[in-house]
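Raw final00.cif, mmCIF, C-alpha atoms:
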data_my_file
#
loop_
_atom_site.label_atom_id
_atom_site.label_comp_id
_atom_site.auth_asym_id
_atom_site.auth_seq_id
_atom_site.Cartn_x
_atom_site.Cartn_y
_atom_site.Cartn_z
CA MET A 1 58.58 48.92 120.44
CA THR A 2 56.95 46.91 123.25
CA VAL A 3 53.21 46.39 123.40
CA PRO A 4 52.41 48.55 126.46
CA ALA A 5 54.47 51.41 125.04
CA ASP A 6 52.54 51.04 121.83
CA ALA A 7 49.29 51.29 123.74
CA ALA A 8 50.56 54.39 125.52
CA ARG A 9 51.44 55.95 122.21
CA ARG A 10 48.02 55.19 120.81
CA ARG A 11 46.34 56.69 123.83
CA ILE A 12 48.25 59.95 123.63
CA VAL A 13 47.54 60.24 119.91
CA GLU A 14 43.86 59.68 120.62
CA ILE A 15 43.89 62.53 123.13
CA PHE A 16 45.81 64.63 120.68
CA ILE A 17 43.13 64.13 118.04
CA SER A 18 39.94 64.13 120.11
CA GLU A 19 40.85 67.21 122.15
CA GLU A 20 42.19 69.21 119.25
CA GLY A 21 40.13 72.34 119.89
CA PRO A 22 40.87 72.86 123.59
CA LEU A 23 44.47 71.75 123.09
CA LEU A 24 45.08 74.35 120.44
CA ARG A 25 43.42 77.10 122.42
CA ARG A 26 45.38 76.24 125.55
CA TRP A 27 48.64 75.99 123.60
CA SER A 28 48.05 79.38 122.07
CA GLN A 29 47.16 80.79 125.48
CA ILE A 30 50.30 79.49 127.18
CA SER A 31 52.73 80.29 124.40
CA GLY A 32 51.19 83.64 123.49
CA ALA A 33 51.44 82.77 119.79
CA PRO A 34 48.40 83.33 117.53
CA ILE A 35 46.29 80.22 117.07
CA ASP A 36 46.55 80.36 113.26
CA GLU A 37 50.29 80.01 113.49
CA LEU A 38 49.97 76.87 115.56
CA ARG A 39 47.16 75.18 113.65
CA ASP A 40 49.30 74.03 110.72
CA LEU A 41 51.92 72.76 113.10
CA HIS A 42 49.32 70.87 115.11
CA GLN A 43 47.89 69.36 111.92
CA ALA A 44 51.27 68.19 110.73
CA LEU A 45 52.16 66.81 114.13
CA ARG A 46 48.83 64.95 114.29
CA THR A 47 49.38 63.40 110.89
CA ALA A 48 52.89 62.39 111.84
CA LEU A 49 51.79 60.88 115.16
CA ALA A 50 48.88 59.00 113.66
CA GLY A 51 51.10 57.64 110.90
CA ASP A 52 54.64 56.33 111.19
CA ALA A 53 55.95 59.21 113.28
CA ASP A 54 57.80 60.66 110.28
CA LEU A 55 58.56 64.21 111.37
CA ALA A 56 59.88 65.59 108.08
CA ASP A 57 56.77 67.72 107.46
CA VAL A 58 56.71 68.97 111.03
CA ARG A 59 60.36 69.91 110.83
CA GLY A 60 59.74 71.76 107.56
CA LEU A 61 56.90 73.75 109.12
CA LEU A 62 58.90 74.41 112.26
CA GLY A 63 61.82 75.60 110.17
CA GLU A 64 59.56 78.08 108.40
CA LEU A 65 58.03 79.19 111.68
CA SER A 66 61.35 79.81 113.38
CA ARG A 67 62.74 81.66 110.34
CA ALA A 68 59.63 83.85 110.21
CA ARG A 69 59.83 84.54 113.94
CA ALA A 70 63.56 85.27 113.74
CA ARG A 71 62.80 87.91 111.11
CA GLN A 72 60.13 89.40 113.38
CA GLY A 73 62.77 89.79 116.05
CA TYR A 74 61.88 86.94 118.40
CA THR A 75 64.78 85.30 120.17
CA PRO A 76 65.33 81.59 119.53
CA SER A 77 64.36 80.93 123.15
CA ASP A 78 60.96 82.50 122.48
CA THR A 79 60.40 80.19 119.53
CA ALA A 80 61.57 77.13 121.45
CA ARG A 81 59.30 78.11 124.32
CA VAL A 82 56.31 78.09 121.95
CA VAL A 83 57.11 74.50 121.04
CA PHE A 84 57.74 73.45 124.65
CA SER A 85 54.49 74.99 125.85
CA LEU A 86 52.67 72.31 123.85
CA LYS A 87 53.80 69.92 126.56
CA GLU A 88 51.96 71.84 129.22
CA ALA A 89 48.82 71.98 127.12
CA VAL A 90 48.93 68.27 126.44
CA TYR A 91 49.68 67.49 130.05
CA GLU A 92 46.52 69.21 131.19
CA GLN A 93 44.53 66.95 128.86
CA VAL A 94 46.42 63.90 130.08
CA GLU A 95 45.70 64.82 133.66
CA ALA A 96 42.01 65.15 132.84
CA ASP A 97 42.13 61.74 131.19
CA GLY A 98 43.80 60.30 134.28
CA GLN A 99 44.88 56.95 132.77
CA GLY A 100 48.28 55.35 133.21
CA ASP A 101 48.64 54.75 129.49
CA ALA A 102 48.16 58.41 128.75
CA LEU A 103 50.83 59.35 131.28
CA ARG A 104 53.35 56.92 129.83
CA GLY A 105 52.48 58.19 126.37
CA PHE A 106 53.06 61.70 127.58
CA ALA A 107 56.64 60.83 128.52
CA TRP A 108 57.20 59.66 124.96
CA LEU A 109 55.55 62.72 123.42
CA SER A 110 57.53 64.96 125.73
CA ARG A 111 60.82 63.62 124.37
CA LEU A 112 59.57 64.19 120.85
CA ILE A 113 58.63 67.79 121.60
CA ASP A 114 62.03 68.38 123.18
CA ASP A 115 63.63 67.30 119.92
CA LEU A 116 61.40 69.63 117.96
CA GLY A 117 62.21 72.52 120.27
CA LEU A 118 65.91 71.97 119.79
CA PHE A 119 65.32 71.77 116.06
CA THR A 120 63.90 75.31 116.03
CA PHE A 121 67.09 76.45 117.71
CA GLU A 122 69.20 74.75 115.07
CA THR A 123 67.19 76.34 112.29
CA TYR A 124 67.59 79.70 113.92
CA SER A 125 71.35 79.44 114.17
CA ALA A 126 71.59 78.09 110.61
CA ALA A 127 69.58 81.07 109.35
CA ARG A 128 71.83 83.41 111.34
CA GLU A 129 74.92 81.74 109.98
CA LYS A 130 73.70 82.24 106.44
CA ILE A 131 73.01 85.92 107.03
CA ILE A 132 76.52 86.38 108.41
CA ILE A 133 78.10 84.64 105.42
CA ASP A 134 76.02 86.69 102.98
CA GLN A 135 76.99 89.91 104.70
CA ALA A 136 80.66 88.99 104.73
CA GLU A 137 80.47 88.42 100.98
CA GLN A 138 78.68 91.71 100.40
CA LEU A 139 81.24 93.49 102.52
CA LEU A 140 84.01 91.94 100.48
CA GLU A 141 82.54 93.36 97.29
CA LEU A 142 81.66 96.72 98.77
CA SER A 143 84.93 97.35 100.44
CA THR A 144 87.24 97.23 97.47
CA PRO A 145 86.47 99.91 94.90
CA VAL A 146 89.03 100.69 92.24
CA VAL A 147 88.88 104.39 91.40
CA LYS A 148 90.36 106.28 88.50
CA LEU A 149 92.50 109.22 89.62
CA TRP A 150 93.75 110.39 86.26
CA GLU A 151 93.98 109.16 82.72
CA GLY A 152 96.08 106.02 83.10
CA ILE A 153 96.23 106.14 86.91
CA VAL A 154 93.94 104.05 89.11
CA ALA A 155 93.87 103.76 92.90
CA VAL A 156 92.56 101.30 95.47
CA PRO A 157 91.83 103.03 98.78
CA LEU A 158 91.83 100.23 101.32
CA VAL A 159 89.88 100.88 104.50
CA GLY A 160 89.56 98.51 107.44
CA THR A 161 91.34 95.39 108.48
CA LEU A 162 92.95 93.43 105.70
CA ASP A 163 92.82 89.67 105.66
CA SER A 164 94.06 87.27 103.04
CA ALA A 165 90.67 86.82 101.39
CA ARG A 166 90.18 90.55 101.02
CA THR A 167 93.69 91.19 99.76
CA GLN A 168 93.14 88.45 97.21
CA VAL A 169 89.97 90.16 95.97
CA VAL A 170 91.76 93.51 95.83
CA MET A 171 94.59 91.95 93.86
CA GLU A 172 92.33 90.37 91.26
CA LYS A 173 90.09 93.41 90.93
CA LEU A 174 93.00 95.80 90.57
CA LEU A 175 94.76 93.70 87.94
CA GLN A 176 91.53 93.28 85.99
CA THR A 177 90.94 97.04 86.09
CA LEU A 178 94.45 97.65 84.80
CA VAL A 179 93.65 95.48 81.78
CA ASP A 180 90.18 96.93 81.22
CA THR A 181 91.23 100.57 81.42
CA GLY A 182 94.73 100.19 80.02
CA SER A 183 96.14 102.09 83.00
CA GLU A 184 99.89 101.95 83.45
CA HIS A 185 99.96 103.24 87.01
CA ALA A 186 98.24 101.98 90.11
CA VAL A 187 98.25 103.32 93.65
CA ILE A 188 97.37 101.09 96.59
CA ASP A 189 96.51 103.40 99.45
CA ILE A 190 96.51 101.74 102.87
CA THR A 191 95.91 104.85 105.00
CA GLY A 192 92.74 103.29 106.41
CA VAL A 193 94.36 100.00 107.31
CA PRO A 194 95.04 99.71 111.04
CA ALA A 195 97.31 96.65 110.92
CA VAL A 196 99.26 94.49 108.50
CA ASP A 197 100.60 91.01 109.13
CA THR A 198 103.17 89.04 107.15
CA GLU A 199 100.59 87.29 105.02
CA VAL A 200 98.89 90.51 104.00
CA ALA A 201 102.22 92.17 103.30
CA GLN A 202 103.14 89.20 101.09
CA HIS A 203 99.86 89.59 99.20
CA LEU A 204 100.50 93.29 98.67
CA LEU A 205 103.97 92.53 97.37
CA LYS A 206 102.59 89.86 95.06
CA THR A 207 100.06 92.32 93.72
CA VAL A 208 102.79 94.81 92.91
CA VAL A 209 104.92 92.17 91.19
CA ALA A 210 101.93 90.82 89.25
CA ALA A 211 101.05 94.33 88.10
CA ARG A 212 104.63 94.80 87.01
CA LEU A 213 104.46 91.55 85.03
CA MET A 214 101.45 92.90 83.22
CA GLY A 215 103.28 96.06 82.32
CA ALA A 216 101.93 98.42 84.95
CA GLU A 217 103.62 100.17 87.82
CA CYS A 218 102.30 100.00 91.36
CA VAL A 219 102.88 102.46 94.19
CA ILE A 220 101.93 101.77 97.79
CA SER A 221 100.96 104.86 99.75
CA GLY A 222 99.74 105.83 103.19
CA ILE A 223 101.73 103.37 105.26
CA ARG A 224 101.18 104.35 108.89
CA PRO A 225 104.16 104.70 111.18
CA GLN A 226 103.10 101.66 113.22
CA ILE A 227 102.71 99.58 110.06
CA ALA A 228 106.11 100.68 108.78
CA HIS A 229 107.51 99.64 112.14
CA THR A 230 105.76 96.26 111.98
CA ILE A 231 106.91 95.61 108.43
CA VAL A 232 110.52 96.35 109.28
CA THR A 233 110.34 94.34 112.51
CA LEU A 234 108.86 91.38 110.66
CA GLY A 235 111.76 91.59 108.24
CA ILE A 236 109.63 91.95 105.11
CA GLU A 237 111.66 93.26 102.21
CA PHE A 238 109.83 95.74 100.03
CA GLY A 239 112.79 95.72 97.68
CA ASP A 240 112.50 98.18 94.81
CA ILE A 241 108.77 98.77 95.29
CA VAL A 242 107.94 102.45 95.42
CA THR A 243 106.22 103.61 98.62
CA LYS A 244 104.96 107.09 99.35
CA ALA A 245 103.78 108.69 102.57
CA SER A 246 100.46 109.97 101.29
CA LEU A 247 98.10 109.41 98.41
CA ALA A 248 98.92 112.94 97.18
CA ASP A 249 102.61 112.07 96.96
CA ALA A 250 101.81 108.85 95.16
CA LEU A 251 99.60 110.67 92.67
CA ALA A 252 102.28 113.30 92.07
CA TYR A 253 104.81 110.51 91.50
CA ALA A 254 102.54 108.62 89.10
CA LEU A 255 101.76 111.81 87.20
CA SER A 256 105.41 112.69 86.80
CA ARG A 257 106.12 109.13 85.65
CA SER A 258 103.43 109.37 83.02
CA GLY A 259 104.87 112.63 81.82
CA VAL A 260 102.43 115.16 83.29
CA GLN A 261 104.06 118.39 84.47
CA LEU A 262 102.79 119.76 87.79
CA LYS A 263 102.85 123.44 88.66
CA GLY A 264 103.70 124.34 92.25
CA ALA A 265 103.70 120.72 93.27
CA ALA A 266 106.44 121.30 95.81
CA THR A 267 104.06 122.71 98.45
CA THR A 268 101.70 119.72 98.57
CA ARG A 269 104.08 117.59 100.57
CA VAL A 270 104.43 120.10 103.36
CA ALA A 271 100.72 120.91 103.49
CA VAL A 272 99.69 117.29 103.60
CA ARG A 273 102.20 116.43 106.29
CA ALA A 274 101.01 119.34 108.42
CA GLU A 275 97.42 118.12 108.12
CA ARG A 276 98.32 114.62 109.17
CA ASP A 277 100.05 115.69 112.37
CA MET C 1 103.02 70.50 65.85
CA GLU C 2 101.86 74.05 65.30
CA ARG C 3 104.32 76.81 64.62
CA VAL C 4 103.89 80.26 66.10
CA PRO C 5 104.03 82.85 63.29
CA ILE C 6 106.54 85.70 63.56
CA LEU C 7 105.36 88.95 61.94
CA LYS C 8 107.58 91.82 60.92
CA LEU C 9 106.50 95.44 61.34
CA GLY C 10 109.24 97.92 60.47
CA ASP C 11 112.18 96.78 62.52
CA ILE C 12 109.99 95.17 65.16
CA LEU C 13 109.07 91.50 65.22
CA ILE C 14 105.65 90.63 66.59
CA VAL C 15 104.94 87.17 67.97
CA SER C 16 101.33 86.61 68.85
CA ILE C 17 100.82 83.36 70.71
CA GLN C 18 97.35 82.04 69.91
CA ILE C 19 97.83 78.35 70.61
CA ASP C 20 98.31 76.25 73.69
CA LEU C 21 102.08 76.06 73.94
CA ASP C 22 103.71 72.71 74.52
CA ASP C 23 107.36 72.38 75.36
CA GLN C 24 108.41 71.49 71.82
CA SER C 25 106.72 74.47 70.19
CA VAL C 26 108.30 76.74 72.81
CA LEU C 27 111.77 75.48 71.86
CA THR C 28 110.99 75.83 68.16
CA LEU C 29 109.75 79.39 68.74
CA GLN C 30 112.98 80.31 70.52
CA GLU C 31 115.08 79.04 67.61
CA ASP C 32 112.86 80.62 64.93
CA LEU C 33 112.89 83.92 66.75
CA ALA C 34 116.67 84.03 67.15
CA ASP C 35 117.07 83.22 63.45
CA THR C 36 114.56 85.87 62.39
CA VAL C 37 116.07 88.59 64.59
CA VAL C 38 119.43 88.03 62.91
CA SER C 39 118.16 87.60 59.36
CA ARG C 40 115.81 90.61 59.45
CA GLY C 41 118.02 92.79 61.60
CA ALA C 42 115.18 93.49 64.02
CA ARG C 43 115.69 95.99 66.85
CA GLY C 44 112.74 94.96 68.97
CA VAL C 45 110.57 91.92 69.70
CA ILE C 46 107.01 92.01 71.03
CA ILE C 47 105.53 88.82 72.41
CA ASP C 48 101.78 89.10 72.69
CA ILE C 49 100.31 86.64 75.19
CA THR C 50 96.80 88.08 75.35
CA ALA C 51 95.36 84.74 74.29
CA VAL C 52 97.41 82.70 76.74
CA GLU C 53 95.26 81.57 79.64
CA ILE C 54 97.42 78.93 81.25
CA VAL C 55 101.12 79.14 82.01
CA ASP C 56 103.59 76.88 83.72
CA SER C 57 107.09 77.53 84.94
CA PHE C 58 108.52 76.35 81.62
CA ILE C 59 106.68 79.02 79.66
CA GLY C 60 107.59 81.57 82.31
CA ARG C 61 111.25 80.72 81.88
CA MET C 62 110.84 80.77 78.10
CA LEU C 63 109.91 84.46 78.29
CA SER C 64 113.03 85.24 80.33
CA THR C 65 115.20 83.17 77.99
CA ILE C 66 113.88 84.88 74.87
CA ALA C 67 114.40 88.30 76.45
CA ALA C 68 117.99 87.48 77.38
CA MET C 69 118.65 85.93 73.97
CA THR C 70 117.33 88.81 71.90
CA ARG C 71 119.17 91.31 74.08
CA MET C 72 122.41 89.62 73.09
CA LEU C 73 121.33 90.08 69.48
CA ASP C 74 120.74 93.80 70.17
CA ALA C 75 116.95 93.62 70.17
CA GLU C 76 114.77 94.55 73.15
CA THR C 77 111.90 92.20 74.08
CA VAL C 78 108.58 93.38 75.45
CA VAL C 79 105.94 90.95 76.70
CA VAL C 80 102.46 92.41 76.27
CA GLY C 81 98.89 91.56 77.19
CA MET C 82 99.48 89.34 80.17
CA ARG C 83 96.18 88.40 81.82
CA PRO C 84 95.74 88.97 85.57
CA ALA C 85 95.33 85.25 86.21
CA VAL C 86 98.54 84.53 84.33
CA ALA C 87 100.40 87.25 86.23
CA ILE C 88 99.15 85.88 89.56
CA THR C 89 100.18 82.35 88.57
CA LEU C 90 103.70 83.48 87.64
CA VAL C 91 104.04 85.34 90.93
CA GLU C 92 102.84 82.28 92.84
CA LEU C 93 105.41 80.22 90.94
CA GLY C 94 108.03 82.65 92.11
CA LEU C 95 108.86 83.90 88.63
CA SER C 96 109.10 87.66 88.55
CA LEU C 97 110.63 87.73 85.04
CA GLY C 98 113.43 90.07 86.02
CA GLY C 99 114.93 91.69 82.97
CA VAL C 100 111.82 91.29 80.85
CA ARG C 101 110.00 94.45 79.85
CA THR C 102 106.23 94.27 80.04
CA ALA C 103 103.41 96.43 78.71
CA LEU C 104 99.65 96.28 79.07
CA ASN C 105 98.89 95.91 75.38
CA LEU C 106 100.47 95.81 71.95
CA GLU C 107 100.12 99.54 71.39
CA LYS C 108 101.90 100.43 74.62
CA GLY C 109 104.53 97.82 73.81
CA VAL C 110 105.33 99.51 70.50
CA VAL C 111 105.52 102.90 72.22
CA MET C 112 107.84 101.44 74.86
CA LEU C 113 110.21 100.07 72.20
CA GLU C 114 110.28 103.41 70.39
CA HIS C 115 111.07 105.19 73.67
CA ALA C 116 113.85 102.75 74.45
CA ARG C 117 115.28 103.29 70.95
CA SER C 118 115.16 107.11 71.16
CA ALA C 119 116.82 106.94 74.60
CA GLU C 120 119.66 104.99 73.05
CA GLY C 121 119.87 107.65 70.39
#
Rewrite the structure of this file - the entire thing - as structure tokens.
Amino acid sequence: MTVPADAARRRIVEIFISEEGPLLRRWSQISGAPIDELRDLHQALRTALAGDADLADVRGLLGELSRARARQGYTPSDTARVVFSLKEAVYEQVEADGQGDALRGFAWLSRLIDDLGLFTFETYSAAREKIIIDQAEQLLELSTPVVKLWEGIVAVPLVGTLDSARTQVVMEKLLQTLVDTGSEHAVIDITGVPAVDTEVAQHLLKTVVAARLMGAECVISGIRPQIAHTIVTLGIEFGDIVTKASLADALAYALSRSGVQLKGAATTRVAVRAERD
Amino acid sequence: MERVPILKLGDILIVSIQIDLDDQSVLTLQEDLADTVVSRGARGVIIDITAVEIVDSFIGRMLSTIAAMTRMLDAETVVVGMRPAVAITLVELGLSLGGVRTALNLEKGVVMLEHARSAEG
């Protein structure tokens, strides 16, 4: 750094330190943030400026501040504005000082504050990103329950859009449940699934084959007309995999396969169909 | 090289695989099993792979081969206790083990063999 720039830097740091009180008050006034919130930040910034301009501490504090403000419902622009308003507060002091060095120093400080302001934005989006990832994971766990329908019959009611990751989770969870409960029949009900693509269909088929390898039988139920159309159009072969129109049909099928006799089962089909239309 | 023991229960042979199979022990098992089916006059074979955590295509084919072999010797083969991870691996390898009967556990395997026998009469 050149000598005059160094002098400018020193001057601005001097102002920063000597006018701490008014600076803080003005900053708080302009930004509308409580003075206590800004004091730590000011301290850290002062230490960094007086020393070797290492901003690690300041960034840490800023990160905390922007996370806290994000939780309180402030927009990232609000938080960035708090940081930027320091410029205005400092400028007023510089103007009062009236020296050329101070003005040149202000240009340098201004760039630094810009960086810090952008940093709050980055922190905010990183925090957001993390929340989204966490929620996606939670959703993945929540959305795939394996329920027991009967002794030896389990079902997975799938609701919502299927993607490969979710189908994978369903597959593993279902197979594990088959082992844990010793169930020989499984029903995958996709009534609540609005669309199926080739990849998802492949995963479903793989699940059925894997279940068969383990010694269990898998029935797919609740295929919507549109999905049936898609599957046929895409040319996906379901082969000898049993499919039923409704979960009731699938349950009746699984029961009869496991040797349970049903009384008056013939009417369920008609009743269920009528309800669906 | 470790040998896989073959146990006899009534007219059923039970093979419980507890070791990591290498190619040689797989071949030895196939020969041993064919010999035992003939010498003991077994009507059914149960291969328990509960303890098997890793499979490759060779082991997958071994199961199919054993099933086909014992069927020629008039004994039905049931593979029991396949872990989900193993099943997924086999599917990913494209091995669906057509012609091999499977059951969730040893108990259900025995029941399945008895059913198959009573169906034959």
**Request:** Name the residues captured by the PyMOL selection byres ((chain C and resi 5) around 8) when it is applied to the shown file; answer as number ranges by chain.
**Result:** C: 3-4, 6-7, 15-16
**Message:** Translate the PyMOL selection byres ((chain A) within 9 of (chain C)) into a concrete residue list for this structure, as a list of chain:residue names.
**Reply:**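 Applied to this file, the PyMOL selection byres ((chain A) within 9 of (chain C)) selects A:Met171, A:Glu172, A:Lys173, A:Leu174, A:Leu175, A:Gln176, A:Leu178, A:Val179, A:Gly182, A:Ser183, A:Glu184, A:Lys206, A:Thr207, A:Val209, A:Ala210, A:Ala211, A:Arg212, A:Leu213, A:Met214, A:Gly215, A:Ala216.
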**Complete:** Counting all atoms listed in the file, the residue among A:Ala126, A:Ala68, A:Ala186, A:Ile17 that lies closest to Leu45 of chain A is A:Ile17
**Request:** Compare C:Leu21, C:Thr28, C:Ala42, C:Lys8 by their minimum atom-to-atom distance to Ala75 of chain C, counting all atoms listed in the file, and give me the closest one.
**Result:**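 Selected residue with least distance to Ala75 of chain C: C:Ala42.
Picked by the PyMOL selection byres ((chain A and resi 165) around 12) from the coordinates shown: A:Ala136, A:Glu137, A:Leu139, A:Leu140, A:Glu141, A:Thr144, A:Thr161, A:Leu162, A:Asp163, A:Ser164, A:Arg166, A:Thr167, A:Gln168, A:Val169, A:Val170, A:Met171, A:Glu172, A:Glu199, A:Val200, A:His203.
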Generate the output file for the selected residues, C-alpha atoms, as a PDB file, in the frame of the given file.
ATOM      1  CA  ALA A 136      80.660  88.990 104.730  1.00  0.00           C
ATOM      2  CA  GLU A 137      80.470  88.420 100.980  1.00  0.00           C
ATOM      3  CA  LEU A 139      81.240  93.490 102.520  1.00  0.00           C
ATOM      4  CA  LEU A 140      84.010  91.940 100.480  1.00  0.00           C
ATOM      5  CA  GLU A 141      82.540  93.360  97.290  1.00  0.00           C
ATOM      6  CA  THR A 144      87.240  97.230  97.470  1.00  0.00           C
ATOM      7  CA  THR A 161      91.340  95.390 108.480  1.00  0.00           C
ATOM      8  CA  LEU A 162      92.950  93.430 105.700  1.00  0.00           C
ATOM      9  CA  ASP A 163      92.820  89.670 105.660  1.00  0.00           C
ATOM     10  CA  SER A 164      94.060  87.270 103.040  1.00  0.00           C
ATOM     11  CA  ARG A 166      90.180  90.550 101.020  1.00  0.00           C
ATOM     12  CA  THR A 167      93.690  91.190  99.760  1.00  0.00           C
ATOM     13  CA  GLN A 168      93.140  88.450  97.210  1.00  0.00           C
ATOM     14  CA  VAL A 169      89.970  90.160  95.970  1.00  0.00           C
ATOM     15  CA  VAL A 170      91.760  93.510  95.830  1.00  0.00           C
ATOM     16  CA  MET A 171      94.590  91.950  93.860  1.00  0.00           C
ATOM     17  CA  GLU A 172      92.330  90.370  91.260  1.00  0.00           C
ATOM     18  CA  GLU A 199     100.590  87.290 105.020  1.00  0.00           C
ATOM     19  CA  VAL A 200      98.890  90.510 104.000  1.00  0.00           C
ATOM     20  CA  HIS A 203      99.860  89.590  99.200  1.00  0.00           C
TER      21      HIS A 203
END
**Message:** Need to verify the contact set: Ser39 of chain C, 12 Å, only C-alpha atoms, exclusion of same-chain residues closer than 4 positions in sequence. Can you return it as a count of residues only?
**Reply:** 9
**Message:** I'd like the interatomic distance between atom CA of Tyr124 of chain A and atom CA of Leu62 of chain A, to a tenth of an Å.
**Reply:** 10.3 Å
**Item:** Given all atoms listed in the file as the counted atoms, nearest of A:Ile132, A:Ile12, A:Ile190, A:Ile220 to Arg46 of chain A
**Value:**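 Closest residue, counting all atoms listed in the file: A:Ile12.
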If you take every atom of segment 75-82 of chain C that the file lists and fit an axis-aligned box around them with 6 Å extra on each side, what centre and edge lengths come out in Å to one decimal, as lines of an AutoDock Vina configuration file?
center_x = 107.9
center_y = 91.9
center_z = 75.2
size_x = 30.1
size_y = 17.2
size_z = 22.0
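Distance cut-off 12 Å, centre (37.9, 69.5, 126.5), atoms counted all atoms listed in the file; the residues meeting this are Ile15, Phe16, Ile17, Ser18, Glu19, Glu20, Gly21, Pro22, Leu23, Leu24, Arg25, Arg26, Ala89, Val90, Glu92, Gln93, Val94, Glu95, Ala96 and Asp97 of chain A.
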**Asked** Counting only C-alpha atoms, what is within 12 Å of Ile227 of chain A, bar same-chain residues fewer than 2 positions away, as a VMD selection string?
**Response** chain A and resid 190 to 198 200 to 201 221 to 225 229 to 234 236 245
**Item:** Point-to-point distance in Å for atom CA of Ser125 of chain A and atom CA of Gly73 of chain A
**Value:**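 Atom-to-atom, atom CA of Gly73 of chain A and atom CA of Ser125 of chain A are spaced 13.6 Å apart.
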**Request:** Write out as a ChimeraX atom specification the residues lying within 8 Å of Ser85 of chain A, counting only C-alpha atoms and excluding same-chain residues fewer than 2 positions away.
**Result:** /A:27,30-31,81-83,87-89
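Note that atom CA of Glu64 of chain A and atom CA of Asp36 of chain A are 14.1 Å apart.
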**Item:** Residue neighbourhood Glu2 of chain C, 12 Å, all atoms listed in the file, exclusion window fewer than 2 positions, as a PyMOL selection string
**Value:** chain C and resi 4-5+17-29
**Asked** Counting all atoms listed in the file, which residues come within 7 Å of (109.4, 87.2, 74.5), with the point read in the file's coordinates, and could you list them as a PyMOL selection string?
**Response** chain C and resi 45-47+63+66-67+77-79
Store the residues of this selection in a file with C-alpha atoms, as a PDB file, in the coordinates of the input.
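So again-v4.pdb came out as:
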ATOM      1  CA  VAL C  45     110.570  91.920  69.700  1.00  0.00           C
ATOM      2  CA  ILE C  46     107.010  92.010  71.030  1.00  0.00           C
ATOM      3  CA  ILE C  47     105.530  88.820  72.410  1.00  0.00           C
ATOM      4  CA  LEU C  63     109.910  84.460  78.290  1.00  0.00           C
ATOM      5  CA  ILE C  66     113.880  84.880  74.870  1.00  0.00           C
ATOM      6  CA  ALA C  67     114.400  88.300  76.450  1.00  0.00           C
ATOM      7  CA  THR C  77     111.900  92.200  74.080  1.00  0.00           C
ATOM      8  CA  VAL C  78     108.580  93.380  75.450  1.00  0.00           C
ATOM      9  CA  VAL C  79     105.940  90.950  76.700  1.00  0.00           C
TER      10      VAL C  79
END
